[in-house]
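Listing of query-v1.cif, mmCIF, C-alpha atoms and all ligand atoms
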data_target
loop_
_atom_site.label_atom_id
_atom_site.label_comp_id
_atom_site.auth_asym_id
_atom_site.auth_seq_id
_atom_site.Cartn_x
_atom_site.Cartn_y
_atom_site.Cartn_z
CA MET D 1 38.42 37.80 24.86
CA LEU D 2 37.72 35.66 27.87
CA ILE D 3 34.01 35.36 28.54
CA ILE D 4 33.05 34.35 32.04
CA TYR D 5 29.62 32.88 32.50
CA GLY D 6 27.96 30.20 34.53
CA VAL D 7 25.11 29.43 36.86
CA TYR D 8 24.57 30.44 40.46
CA HIS D 9 22.75 27.95 42.65
CA PHE D 10 20.84 29.89 45.31
CA TRP D 11 18.98 28.69 48.39
CA PRO D 12 20.00 25.02 48.32
CA LYS D 13 17.52 22.71 49.99
CA ARG D 14 17.96 18.96 50.32
CA VAL D 15 14.79 17.46 48.87
CA GLY D 16 15.49 13.78 48.37
CA PHE D 17 17.81 10.83 48.56
CA ARG D 18 18.20 7.48 46.84
CA ASP D 19 20.52 4.52 46.56
CA ASP D 20 22.39 5.13 43.36
CA TYR D 21 25.33 4.14 41.26
CA CYS D 22 28.00 6.85 40.99
CA LEU D 23 29.99 6.66 37.76
CA GLY D 24 32.62 9.00 39.23
CA CYS D 25 33.30 6.72 42.23
CA ASP D 26 32.47 3.64 40.11
CA LYS D 27 30.61 2.26 43.13
CA PRO D 28 27.08 2.01 44.48
CA ARG D 29 26.56 5.20 46.47
CA ARG D 30 23.93 7.14 48.31
CA SER D 31 23.03 10.27 46.39
CA PHE D 32 21.20 13.37 47.51
CA ALA D 33 18.93 15.68 45.56
CA VAL D 34 19.44 19.36 46.20
CA ARG D 35 16.94 21.85 44.90
CA THR D 36 18.33 25.28 44.12
CA PHE D 37 17.11 28.44 42.51
CA ASP D 38 19.38 28.74 39.47
CA VAL D 39 20.34 32.04 37.94
CA GLY D 40 22.61 32.39 34.92
CA HIS D 41 25.41 34.90 35.36
CA PHE D 42 27.54 36.76 32.86
CA PHE D 43 30.75 38.13 34.35
CA TRP D 44 29.32 37.36 37.79
CA ILE D 45 26.26 39.52 37.17
CA PRO D 46 23.06 37.45 37.60
CA PHE D 47 20.83 38.13 34.62
CA LEU D 48 18.75 35.08 33.73
CA PRO D 49 16.65 33.28 36.38
CA PHE D 50 16.09 29.65 35.37
CA GLY D 51 13.84 28.84 38.33
CA PHE D 52 14.04 25.91 40.73
CA TRP D 53 16.05 22.88 39.63
CA LYS D 54 16.85 19.61 41.30
CA HIS D 55 20.46 18.44 41.14
CA TRP D 56 21.60 14.96 42.16
CA LYS D 57 24.91 14.72 43.99
CA CYS D 58 26.93 11.73 45.11
CA SER D 59 27.28 11.72 48.90
CA GLU D 60 30.96 10.76 48.60
CA CYS D 61 32.38 12.78 45.71
CA ALA D 62 29.66 15.47 45.38
CA ARG D 63 29.57 15.08 41.58
CA ASP D 64 26.54 14.25 39.46
CA PRO D 65 26.48 10.45 39.90
CA HIS D 66 25.49 9.78 36.26
CA VAL D 67 28.17 11.75 34.45
CA HIS D 68 30.86 9.67 32.80
CA VAL D 69 34.37 10.55 33.89
CA LYS D 70 36.28 7.98 31.85
CA THR D 71 36.67 7.79 28.09
CA ARG D 72 33.88 5.58 26.91
CA ARG D 73 34.66 2.36 25.12
CA PRO D 74 33.12 3.31 21.76
CA PHE D 75 35.52 6.26 21.65
CA LYS D 76 38.44 3.96 22.33
CA TRP D 77 37.36 1.71 19.44
CA LEU D 78 37.10 4.80 17.27
CA GLY D 79 40.65 5.72 18.28
CA PHE D 80 41.75 2.19 17.36
CA ALA D 81 40.18 2.52 13.88
CA CYS D 82 41.84 5.92 13.39
CA LEU D 83 45.26 4.52 14.26
CA ILE D 84 44.85 1.64 11.78
CA PHE D 85 43.71 4.08 9.13
CA PHE D 86 46.60 6.44 9.85
CA SER D 87 49.08 3.58 9.52
CA SER D 88 47.48 2.31 6.28
CA ILE D 89 48.08 5.67 4.59
CA PHE D 90 51.82 5.07 4.77
CA TRP D 91 51.87 1.46 3.52
CA PHE D 92 51.35 2.52 -0.10
CA PRO D 93 53.35 2.68 -2.20
CA LEU D 94 55.24 -0.23 -0.69
CA GLU D 95 58.45 0.79 -2.49
CA SER D 96 59.11 3.80 -0.26
CA ASN D 97 61.36 2.32 2.33
CA ASN D 98 63.10 5.06 4.24
CA GLY D 99 63.21 5.12 8.02
CA ALA D 100 60.69 7.92 8.51
CA VAL D 101 58.04 6.05 6.53
CA TRP D 102 58.60 2.94 8.62
CA ILE D 103 58.15 4.97 11.80
CA LEU D 104 54.87 6.37 10.42
CA ARG D 105 53.77 2.84 9.51
CA MET D 106 54.73 1.17 12.74
CA ALA D 107 54.08 3.78 15.45
CA PRO D 108 50.29 3.93 14.89
CA LEU D 109 50.19 0.12 14.63
CA ALA D 110 52.01 -0.19 17.96
CA GLY D 111 49.52 2.28 19.48
CA ALA D 112 46.61 0.34 17.97
CA ALA D 113 47.98 -2.94 19.34
CA ALA D 114 48.35 -1.45 22.84
CA LEU D 115 44.81 -0.06 22.68
CA LEU D 116 43.45 -3.40 21.44
CA ILE D 117 45.13 -5.26 24.32
CA HIS D 118 43.69 -2.69 26.75
CA LEU D 119 40.20 -3.07 25.25
CA LEU D 120 40.29 -6.86 25.36
CA LYS D 121 41.72 -7.04 28.87
CA THR D 122 39.40 -4.55 30.57
CA PRO D 123 35.94 -5.98 31.08
CA LYS D 124 33.13 -4.34 29.20
CA ASP D 125 31.44 -1.83 31.51
CA PRO D 126 27.88 -2.80 32.29
CA SER D 127 25.62 0.03 31.26
CA LEU D 128 24.38 2.48 33.85
CA MET D 129 20.88 1.01 33.50
CA GLU D 130 22.15 -2.47 34.38
CA ARG D 131 24.02 -1.10 37.37
CA LEU D 132 21.02 0.84 38.61
CA ALA D 133 18.82 -2.23 38.18
CA ALA D 134 21.16 -4.15 40.49
CA ILE D 135 20.76 -1.58 43.27
CA PRO D 136 17.76 -2.13 45.52
CA PRO D 137 15.72 1.01 46.14
CA ALA D 138 16.46 2.89 49.34
CA ALA D 139 14.67 1.32 52.29
CA ASP D 140 15.38 3.90 54.98
CA SER D 141 12.73 4.51 57.55
CA ILE D 142 14.57 7.49 59.09
CA CYS D 143 15.31 10.74 57.24
CA PRO D 144 19.10 10.88 56.60
CA PHE D 145 19.02 14.69 56.86
CA CYS D 146 17.15 15.29 60.10
CA SER D 147 16.62 11.80 61.64
CA THR D 148 12.83 12.14 61.63
CA PRO D 149 10.91 8.89 60.93
CA LEU D 150 9.62 8.89 57.34
CA ILE D 151 5.94 8.56 56.63
CA ALA D 152 4.30 6.82 53.66
CA GLY D 153 2.41 9.09 51.31
CA ASP D 154 0.61 8.50 48.01
CA GLY D 155 1.61 5.23 46.39
CA SER D 156 4.95 4.13 47.73
CA ARG D 157 6.32 7.61 48.23
CA TRP D 158 8.02 7.96 51.57
CA SER D 159 8.85 11.40 52.77
CA CYS D 160 10.04 13.24 55.82
CA PRO D 161 7.31 15.18 57.64
CA ALA D 162 9.91 17.53 59.16
CA CYS D 163 12.12 18.62 56.25
CA GLY D 164 10.11 17.37 53.27
CA ALA D 165 12.88 15.19 51.84
CA VAL D 166 11.60 12.38 49.61
CA ARG D 167 12.94 8.83 49.44
CA CYS D 168 13.36 8.23 45.68
ZN ZN D 201 30.70 9.63 43.64
ZN ZN D 202 14.00 15.17 57.25
#

Let me see whether you can do it: turn the structure in this file into structure tokens.
Ligand SMILES: [Zn+2]
Ligand SMILES: [Zn+2]
Amino acid sequence: MLIIYGVYHFWPKRVGFRDDYCLGCDKPRRSFAVRTFDVGHFFWIPFLPFGFWKHWKCSECARDPHVHVKTRRPFKWLGFACLIFFSSIFWFPLESNNGAVWILRMAPLAGAAALLIHLLKTPKDPSLMERLAAIPPAADSICPFCSTPLIAGDGSRWSCPACGAVRC
């Protein structure tokens, strides 16, 4: 039986912005925080209010900027190890020499070799933390949502007196 469930995001309000690194775009991006009142639904019937939650969205692709979209390198190495292992199963006993066995020996090895070349050729992704560290904090003096000049609050918190958005 197909079960349909999910979350409704009610009353979206833009509450903040920051200079960010979007893993989906693979580029430094501006991202916006949207606060919504989230309610779980079951077959479209709202039944479980979760309360107010803040969601970060990339200004370009509208996805969560910190969610990985590509297969991560450790998983590729794991795939490499599996292919080697799969091939090794068919190397013993060495006496069995029919064509099918050779295909089972060589096909995973060819896949492993291609994956190894791919892993060695593509540069190691810097971690998200390193990428974020390279991005200077937002320095806007004007609210990107309503063009009101921001004012400095407690500490170094800048916020918009008109719409309440916070520079993060
Ligand atoms: Zn993006
Ligand atoms: Zn504003």

Given the point (13.8, 28.4, 40.9) in the file's coordinates, find the residues that have an atom at most 7 Å from it, counting all atoms listed in the file, and give them as a VMD selection string. chain D and resid 36 to 38 50 to 53

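When only C-alpha atoms are used to compute distances to Ile89 (chain D), the closest of the residues D:Cys58, D:Val166, D:Leu23, D:Met106 turns out to be D:Met106.
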
Ligand ZN 201 (chain D): which residues are within 6 Å, counting only C-alpha atoms and all ligand atoms, as a ChimeraX atom specification? /D:22,24-25,58,60-61,63,65

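Distance annotation: of D:Trp11, D:Trp91, D:Phe17, D:Trp102, the residue with the minimal separation from ligand ZN 202 (chain D) is D:Phe17; atom set is all atoms listed in the file.
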
Pick from D:Val15, D:Cys143, D:Cys168, D:Ile4 nearest to ligand ZN 202 (chain D), counting all atoms listed in the file: D:Cys143

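When CA of Lys57 (chain D) is paired with CA of Ala33 (chain D), their separation reads 6.3 Å.
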
Please find the residues contacting ligand ZN 202 (chain D) at a distance of at most 9 Å between atoms, with all atoms listed in the file counted, and report them as a compact mmCIF listing (two decimals) with C-alpha atoms, in the frame of the given file.
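Result file out.txt:
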# COMPACT_ATOMS: atom_id res chain seq x y z
CA ARG D 14 17.96 18.96 50.32
CA VAL D 15 14.79 17.46 48.87
CA ILE D 142 14.57 7.49 59.09
CA CYS D 143 15.31 10.74 57.24
CA PRO D 144 19.10 10.88 56.60
CA PHE D 145 19.02 14.69 56.86
CA CYS D 146 17.15 15.29 60.10
CA SER D 147 16.62 11.80 61.64
CA THR D 148 12.83 12.14 61.63
CA PRO D 149 10.91 8.89 60.93
CA LEU D 150 9.62 8.89 57.34
CA SER D 159 8.85 11.40 52.77
CA CYS D 160 10.04 13.24 55.82
CA PRO D 161 7.31 15.18 57.64
CA ALA D 162 9.91 17.53 59.16
CA CYS D 163 12.12 18.62 56.25
CA GLY D 164 10.11 17.37 53.27
CA ALA D 165 12.88 15.19 51.84
CA VAL D 166 11.60 12.38 49.61
